[in-house]
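Colleague: Just so it is clear, I am handing over protein.txt, which has compact mmCIF, C-alpha atoms.
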# COMPACT_ATOMS: atom_id res chain seq x y z
CA MET A 292 82.26 74.98 90.90
CA LYS A 293 82.39 78.03 88.64
CA VAL A 294 82.97 77.61 84.91
CA GLY A 295 84.35 80.27 82.58
CA ILE A 296 85.26 80.58 78.90
CA LEU A 297 88.40 82.03 77.35
CA LEU A 298 87.44 84.55 74.67
CA PRO A 299 89.24 84.74 71.31
CA GLN A 300 91.63 87.62 70.63
CA ALA A 301 92.90 86.62 67.18
CA ALA A 302 91.36 85.41 63.94
CA ALA A 303 93.27 82.15 64.42
CA ASP A 304 91.17 81.46 67.53
CA GLY A 305 88.13 80.84 65.38
CA ALA A 306 85.55 83.61 65.37
CA GLY A 307 87.58 86.51 63.98
CA ALA A 308 89.60 89.24 65.59
CA THR A 309 87.18 92.16 65.66
CA TRP A 310 85.65 93.71 68.75
CA ALA A 311 82.20 92.99 67.31
CA ASP A 312 83.04 89.25 67.16
CA ILE A 313 84.38 89.20 70.72
CA ALA A 314 81.49 91.22 72.15
CA ALA A 315 78.93 88.94 70.47
CA LEU A 316 80.56 85.84 71.98
CA ALA A 317 80.70 87.50 75.40
CA ARG A 318 76.98 88.29 75.27
CA GLN A 319 76.19 84.76 74.09
CA ALA A 320 78.18 83.30 77.01
CA GLU A 321 76.64 85.64 79.57
CA ASP A 322 73.15 84.78 78.35
CA GLY A 323 74.00 81.13 79.09
CA GLU A 324 75.16 79.73 82.40
CA VAL A 325 78.83 80.73 82.19
CA ASP A 326 80.26 82.34 85.33
CA SER A 327 83.28 84.14 83.90
CA LEU A 328 85.05 85.38 80.77
CA TRP A 329 88.84 85.41 80.36
CA LEU A 330 91.52 87.05 78.21
CA ILE A 331 95.17 86.19 77.59
CA ASP A 332 98.06 88.68 77.42
CA HIS A 333 100.33 88.35 74.39
CA PHE A 334 101.56 90.61 71.64
CA PHE A 335 101.87 87.58 69.40
CA TYR A 336 102.82 83.91 69.34
CA LEU A 337 105.59 82.53 67.13
CA GLY A 338 105.88 78.74 67.07
CA ASP A 339 109.20 77.01 67.65
CA GLY A 340 111.32 77.25 64.50
CA ALA A 341 108.73 79.40 62.71
CA ALA A 342 109.91 82.27 60.55
CA ILE A 343 109.37 85.92 61.40
CA GLY A 344 106.25 86.97 59.55
CA SER A 345 104.22 83.91 60.56
CA GLU A 346 103.23 85.23 63.99
CA THR A 347 99.70 85.03 65.34
CA GLY A 348 98.86 88.45 66.79
CA TYR A 349 96.45 89.16 69.65
CA HIS A 350 94.38 92.14 70.72
CA GLU A 351 95.60 93.84 73.91
CA PRO A 352 93.59 92.45 76.86
CA TRP A 353 93.14 95.46 79.13
CA THR A 354 91.43 97.49 76.42
CA LEU A 355 89.15 94.54 75.65
CA LEU A 356 88.47 93.86 79.33
CA SER A 357 87.37 97.44 79.99
CA ALA A 358 85.06 97.27 76.97
CA LEU A 359 83.66 93.93 78.15
CA ALA A 360 83.06 95.44 81.59
CA ALA A 361 80.79 98.00 79.96
CA VAL A 362 78.79 95.57 77.79
CA THR A 363 78.26 92.74 80.30
CA THR A 364 76.46 92.85 83.62
CA ARG A 365 76.80 89.53 85.45
CA VAL A 366 79.89 87.49 84.60
CA GLU A 367 83.24 87.84 86.31
CA LEU A 368 86.03 89.12 84.04
CA GLY A 369 89.55 87.77 84.41
CA THR A 370 93.00 87.84 82.84
CA LEU A 371 94.65 84.48 82.15
CA VAL A 372 97.17 85.88 82.81
CA LEU A 373 98.67 89.35 82.54
CA SER A 374 102.43 89.40 82.19
CA THR A 375 103.82 91.72 84.84
CA SER A 376 106.74 92.33 82.46
CA PHE A 377 104.66 94.47 80.13
CA ARG A 378 103.34 97.21 82.46
CA PRO A 379 104.76 99.09 85.46
CA ALA A 380 103.39 97.53 88.64
CA GLY A 381 101.81 100.65 90.08
CA MET A 382 100.11 101.50 86.79
CA LEU A 383 98.82 97.92 86.46
CA ALA A 384 97.27 98.12 89.92
CA LYS A 385 95.66 101.45 89.04
CA MET A 386 94.29 99.98 85.80
CA ALA A 387 92.86 97.04 87.73
CA ALA A 388 91.10 99.30 90.20
CA THR A 389 89.55 101.32 87.38
CA ALA A 390 88.44 98.24 85.43
CA ASP A 391 86.94 96.80 88.62
CA ASP A 392 84.94 100.00 89.05
CA VAL A 393 83.73 99.94 85.43
CA SER A 394 82.61 96.32 85.88
CA GLY A 395 80.89 96.91 89.20
CA GLY A 396 83.35 94.73 91.14
CA ARG A 397 83.62 91.76 88.74
CA LEU A 398 87.37 91.70 88.03
CA ILE A 399 89.74 88.81 88.80
CA LEU A 400 93.29 90.07 88.37
CA GLY A 401 95.31 87.15 87.00
CA LEU A 402 99.09 87.62 86.90
CA GLY A 403 102.11 85.68 85.68
CA CYS A 404 105.76 86.33 84.89
CA GLY A 405 105.53 85.78 81.11
CA TRP A 406 107.32 83.14 79.07
CA HIS A 407 107.35 83.77 75.29
CA GLU A 408 110.77 85.28 74.55
CA PRO A 409 110.16 86.35 70.90
CA GLU A 410 107.58 88.95 71.93
CA TYR A 411 109.91 90.32 74.62
CA THR A 412 112.64 90.72 72.01
CA ALA A 413 110.34 92.26 69.40
CA PHE A 414 108.86 94.87 71.74
CA GLY A 415 111.96 95.63 73.79
CA TYR A 416 111.18 94.09 77.19
CA PRO A 417 113.93 92.47 79.29
CA PHE A 418 113.63 88.69 79.51
CA ASP A 419 116.17 88.13 82.30
CA HIS A 420 115.31 87.57 85.99
CA ARG A 421 111.64 87.11 85.15
CA VAL A 422 110.69 85.57 88.52
CA GLY A 423 112.64 88.23 90.40
CA ARG A 424 110.91 90.93 88.40
CA PHE A 425 107.58 89.20 88.99
CA GLU A 426 108.18 89.13 92.75
CA ASP A 427 108.82 92.87 92.82
CA ALA A 428 105.66 93.47 90.79
CA LEU A 429 103.52 91.18 92.94
CA ARG A 430 104.75 92.68 96.20
CA THR A 431 103.75 96.06 94.81
CA ILE A 432 100.44 95.12 93.20
CA ALA A 433 99.00 92.80 95.86
CA PRO A 434 98.80 95.32 98.70
CA LEU A 435 97.65 98.09 96.33
CA VAL A 436 94.66 96.06 95.06
CA HIS A 437 93.93 95.08 98.66
CA GLY A 438 93.47 98.76 99.56
CA GLU A 439 96.78 99.43 101.30
CA ARG A 440 99.31 102.24 101.01
CA VAL A 441 102.60 100.76 99.82
CA THR A 442 106.28 101.48 100.02
CA TYR A 443 108.36 98.81 98.33
CA LEU A 444 111.94 99.26 97.19
CA GLY A 445 113.00 96.24 95.17
CA PRO A 446 115.71 95.83 92.57
CA TYR A 447 113.23 96.09 89.69
CA GLN A 448 110.24 98.03 91.09
CA GLN A 449 110.15 100.89 93.56
CA VAL A 450 107.12 102.68 94.96
CA ARG A 451 106.92 105.13 97.87
CA GLU A 452 103.71 105.79 99.80
CA ALA A 453 101.66 104.66 96.80
CA LYS A 454 97.90 104.20 97.12
CA ILE A 455 94.96 103.68 94.78
CA ASP A 456 92.86 106.85 94.62
CA PRO A 457 89.95 107.11 93.90
CA PRO A 458 89.72 104.14 96.25
CA LEU A 459 88.71 100.61 95.35
CA ILE A 460 84.97 100.02 95.21
CA ARG A 461 85.34 96.85 97.32
CA PRO A 462 87.87 95.86 100.00
CA ARG A 463 90.08 93.92 97.57
CA VAL A 464 90.33 92.85 93.96
CA PRO A 465 90.85 89.05 93.86
CA LEU A 466 94.43 88.26 92.84
CA LEU A 467 95.10 85.09 90.83
CA VAL A 468 98.61 83.79 90.13
CA ALA A 469 99.55 81.18 87.53
CA ALA A 470 102.42 79.18 89.01
CA LYS A 471 104.13 75.80 88.97
CA GLY A 472 107.79 76.42 89.92
CA GLU A 473 109.01 76.50 93.51
CA ARG A 474 109.58 80.26 93.75
CA MET A 475 106.34 81.13 91.98
CA LEU A 476 104.36 78.75 94.20
CA ALA A 477 105.90 80.28 97.31
CA LEU A 478 104.77 83.73 96.16
CA THR A 479 101.32 82.34 95.36
CA ALA A 480 101.02 80.81 98.82
CA GLU A 481 102.04 84.08 100.44
CA LEU A 482 100.14 86.67 98.40
CA ALA A 483 97.49 85.25 96.04
CA ASP A 484 93.77 84.72 96.54
CA GLN A 485 93.59 82.17 93.72
CA TRP A 486 96.00 79.72 92.06
CA GLN A 487 95.81 78.84 88.37
CA THR A 488 97.32 75.93 86.47
CA ALA A 489 96.80 74.87 82.83
CA TRP A 490 96.24 73.24 80.37
CA PHE A 491 94.52 69.92 80.94
CA GLY A 492 91.77 67.62 79.67
CA LEU A 493 90.74 65.35 82.54
CA PRO A 494 92.44 65.40 85.95
CA ASP A 495 95.69 63.45 85.71
CA GLU A 496 98.96 62.85 87.56
CA ARG A 497 100.52 65.95 86.02
CA TYR A 498 97.79 68.04 87.63
CA ARG A 499 97.95 66.16 90.92
CA GLY A 500 101.71 66.67 91.08
CA ARG A 501 101.23 70.40 90.68
CA ARG A 502 98.52 70.39 93.33
CA ARG A 503 100.83 68.57 95.76
CA ALA A 504 103.50 71.17 95.08
CA LEU A 505 101.02 73.95 95.86
CA ASP A 506 99.97 72.21 99.07
CA GLY A 507 103.63 72.01 100.06
CA ALA A 508 104.08 75.73 99.44
CA LEU A 509 100.95 76.51 101.47
CA ALA A 510 102.22 74.36 104.34
CA ALA A 511 105.60 76.08 104.25
CA ALA A 512 103.84 79.45 104.41
CA GLY A 513 101.63 78.31 107.29
CA ARG A 514 98.50 78.94 105.24
CA ASP A 515 95.24 77.01 105.38
CA PRO A 516 94.59 75.44 101.94
CA ALA A 517 90.93 76.34 102.29
CA THR A 518 91.85 80.03 101.96
CA ILE A 519 93.02 79.82 98.34
CA GLU A 520 90.80 79.10 95.34
CA ILE A 521 91.92 76.43 92.87
CA THR A 522 91.43 77.37 89.22
CA VAL A 523 92.26 75.12 86.27
CA GLY A 524 92.49 75.80 82.55
CA VAL A 525 90.84 72.98 80.57
CA ASP A 526 91.31 72.60 76.81
CA VAL A 527 88.37 71.62 74.60
CA ASP A 528 89.78 70.94 71.15
CA GLU A 529 88.00 69.66 68.05
CA ALA A 530 91.33 68.23 66.88
CA GLY A 531 91.43 66.00 69.98
CA GLY A 532 94.50 64.97 71.95
CA PRO A 533 95.45 63.45 75.31
CA ASN A 534 95.43 66.80 77.13
CA SER A 535 92.06 68.07 75.94
CA LEU A 536 88.37 67.26 75.99
CA PRO A 537 86.52 66.61 72.71
CA PHE A 538 83.73 68.86 71.45
CA ASP A 539 80.95 66.68 72.76
CA VAL A 540 78.33 67.88 75.24
CA GLY A 541 78.45 64.70 77.32
CA ALA A 542 82.26 64.53 77.37
CA ILE A 543 82.60 68.17 78.43
CA ALA A 544 79.93 67.76 81.13
CA ASP A 545 81.63 64.60 82.41
CA GLY A 546 84.95 66.43 82.41
CA LEU A 547 83.50 69.25 84.48
CA ASP A 548 82.07 66.66 86.89
CA ALA A 549 85.56 65.15 87.22
CA TRP A 550 87.18 68.52 87.96
CA ARG A 551 84.55 69.30 90.58
CA ALA A 552 85.23 65.92 92.22
CA GLU A 553 88.96 66.74 92.10
CA GLY A 554 88.34 69.85 94.19
CA ALA A 555 88.61 72.60 91.57
CA ASP A 556 86.81 75.80 92.50
CA HIS A 557 86.83 77.42 89.06
CA VAL A 558 87.49 75.96 85.60
CA GLN A 559 88.36 78.07 82.56
CA LEU A 560 87.46 76.38 79.26
CA GLY A 561 89.77 77.11 76.34
CA LEU A 562 87.69 76.31 73.25
CA ARG A 563 89.62 75.56 70.04
CA PRO A 564 88.18 77.07 67.94
CA THR A 565 85.99 79.61 69.74
CA THR A 566 82.92 80.25 67.59
CA PRO A 567 79.21 80.77 68.26
CA ASP A 568 78.68 77.04 67.64
CA THR A 569 81.43 75.86 70.00
CA VAL A 570 80.33 78.31 72.69
CA ALA A 571 76.78 76.92 72.33
CA THR A 572 78.17 73.40 72.83
CA ALA A 573 80.06 74.50 75.93
CA LEU A 574 77.00 76.23 77.37
CA GLU A 575 74.90 73.09 76.87
CA ALA A 576 77.59 71.04 78.62
CA ILE A 577 77.74 73.47 81.54
CA ALA A 578 73.96 73.28 81.91
CA ARG A 579 74.10 69.45 81.89
CA HIS A 580 76.93 69.49 84.47
CA ARG A 581 74.75 71.56 86.80
CA ARG A 582 71.60 69.49 86.51
Starting from the file, lay out its structure as structure tokens.

Modeller:
Amino acid sequence: MKVGILLPQAAADGAGATWADIAALARQAEDGEVDSLWLIDHFFYLGDGAAIGSETGYHEPWTLLSALAAVTTRVELGTLVLSTSFRPAGMLAKMAATADDVSGGRLILGLGCGWHEPEYTAFGYPFDHRVGRFEDALRTIAPLVHGERVTYLGPYQQVREAKIDPPLIRPRVPLLVAAKGERMLALTAELADQWQTAWFGLPDERYRGRRRALDGALAAAGRDPATIEITVGVDVDEAGGPNSLPFDVGAIADGLDAWRAEGADHVQLGLRPTTPDTVATALEAIARHRR
């Protein structure tokens, strides 16, 4: 089972919001036994009922990811997940192909339909028909990052004889979709290489219910479950809570053991906070899990 770490993109995440902070954590993680590094895609987060002016802002992930591709050499680099609402589908596919080239073929392109309405309103993006818009984007992006020439004329996205050029440096960029609803799971079963669900502590019935729903979507699509990778976001939070693991080497290692036994192929650890000390704890736990 692969294990990755979600990098901070805001001072509120723990280590600061500068590129120097993020790059240092990425190098620390790569020097350990981590398999992947991940970035989220938000302009900001505004809590329920919070006043304008109290937002937590985040660095833009594609710019960071391209920089990380140039300063790391081994780890996979993924987005957890990009909102297809924020970028035209063809341009997003082109950006993915370029970032994959910069990284030497280490990109995992994680996509979702977005969910945080305040940032849509603030930056002028439509919030209606998000799954329909996502379907148009996915049906455009998936074949493009799998090396095909694409014509797709949907209600929200249209491309005609589009193709990535210069060509991809490998046959396909792995496509991950975060999904739990019926329509999103159907699209995942049809078009994705990897499925992502989050956030959890130990495996529980909430997770197993989502996994059963995915299996149902795969069966409906006539797809072998062995052909899709299962990825799970796991919270590690020093504040504790029923849906997170504590910052304890043994507890994190035991949690990773449990997810491996549950059949997860790739776990992304969300460390709260994310600092050099908490990354060191996670790396020690990953090493113990693998012994």

Colleague: Hey, which of A:Leu478, A:Ala508, A:Ala453, A:Ala390 ends up closest to Gly423 of chain A? Count all atoms listed in the file.

Modeller: A:Leu478

Colleague: Would you write out, as JSON lines, a table of all residues in segment 454-523 of chain A that have an atom no more than 8 Å from an atom of segment 397-417 of chain A, listing for each the closest atom pair and the distance in Å to one decimal, considering all atoms listed in the file and ordering rows by chain and rising residue number?

Modeller:
{"residue": "A:Val464", "atom": "CA", "partner": "A:Ile399", "partner_atom": "CA", "distance": 6.6}
{"residue": "A:Pro465", "atom": "CA", "partner": "A:Ile399", "partner_atom": "CA", "distance": 5.2}
{"residue": "A:Leu466", "atom": "CA", "partner": "A:Leu400", "partner_atom": "CA", "distance": 5.0}
{"residue": "A:Leu467", "atom": "CA", "partner": "A:Gly401", "partner_atom": "CA", "distance": 4.4}
{"residue": "A:Val468", "atom": "CA", "partner": "A:Leu402", "partner_atom": "CA", "distance": 5.0}
{"residue": "A:Ala469", "atom": "CA", "partner": "A:Gly403", "partner_atom": "CA", "distance": 5.5}
{"residue": "A:Ala470", "atom": "CA", "partner": "A:Gly403", "partner_atom": "CA", "distance": 7.3}

Colleague: Quick one: of A:Gly295, A:Asp556, A:Leu536, A:Gly395, who's nearest to Gly323 of chain A, counting all atoms listed in the file?

Modeller: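 Nearest candidate to Gly323 of chain A out of A:Gly295, A:Asp556, A:Leu536, A:Gly395: A:Gly295.
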
Colleague: Just checking: using all atoms listed in the file, which residue out of A:Glu351, A:Asp332, A:Glu575, A:Glu473 ends up closest to Thr370 of chain A?

Modeller: A:Asp332

Colleague: Mind giving me the straight-line distance from atom CA of Gln485 of chain A to atom CA of Thr518 of chain A in Å, one decimal?

Modeller: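 Taking atom CA of Gln485 of chain A and atom CA of Thr518 of chain A, their separation equals 8.7 Å.
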
Colleague: Just to confirm, what's the straight-line distance from atom CA of Lys293 of chain A to atom CA of Ser327 of chain A in Å (one decimal)?

Modeller: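 A separation of 7.8 Å between them.
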
Colleague: Using all atoms listed in the file, which residue out of A:Thr488, A:Thr565, A:Thr364, A:Ser376 lies closest to His420 of chain A?

Modeller: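 For His420 of chain A, the nearest of the candidates is A:Ser376.
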
Colleague: Name the residues in contact with segment 542-547 of chain A at a cut-off of 8 Å, using all atoms listed in the file, excluding same-chain residues fewer than 4 positions from it; report them as a PyMOL selection string.

Modeller: chain A and resi 492-493+527+536-538+551+558+573+576-577+579-580

Colleague: Might you pull out every residue within 8 Å of Ala384 of chain A, with only C-alpha atoms counted and same-chain residues fewer than 4 positions away left off, and present them as a CSV table (one decimal) with C-alpha atoms, in the frame of the given file?

Modeller:
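File around-v3.csv, as written:
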chain,number,residue,atom,x,y,z
A,380,ALA,CA,103.4,97.5,88.6
A,388,ALA,CA,91.1,99.3,90.2
A,432,ILE,CA,100.4,95.1,93.2
A,435,LEU,CA,97.6,98.1,96.3
A,436,VAL,CA,94.7,96.1,95.1
A,455,ILE,CA,95.0,103.7,94.8

Colleague: Using all atoms listed in the file, which of the listed residues (A:Met292, A:Asp456, A:Val366, A:Ser374) sits closest to Ile521 of chain A?

Modeller: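 Result for the nearest residue to Ile521 of chain A: A:Met292.
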
Colleague: Name the residues in contact with Phe335 of chain A at a cut-off of 7 Å, using only C-alpha atoms, excluding same-chain residues fewer than 2 positions from it; report them as JSON, numbers by chain.

Modeller: {"A": [333, 337, 346, 347, 348, 349, 410]}

Colleague: Tell me, in Å to one decimal, how far atom CA of Ile331 of chain A is from atom CA of Met386 of chain A.

Modeller: 16.1 Å

Colleague: My list of candidates is A:Leu373, A:Met475, A:Val450, A:Ile519. Which is closest to Ala504 of chain A when distances are computed with only C-alpha atoms?

Modeller: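 Closest residue, counting only C-alpha atoms: A:Met475.
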
Colleague: Need the shell around Arg451 of chain A: protein/DNA/RNA residues with any atom at most 9 Å away, counting only C-alpha atoms. Skip same-chain ones fewer than 5 positions apart. Format as a list in words?

Modeller: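 Everything that qualifies: Arg440, Val441, Thr442, Tyr443 and Leu444 of chain A.
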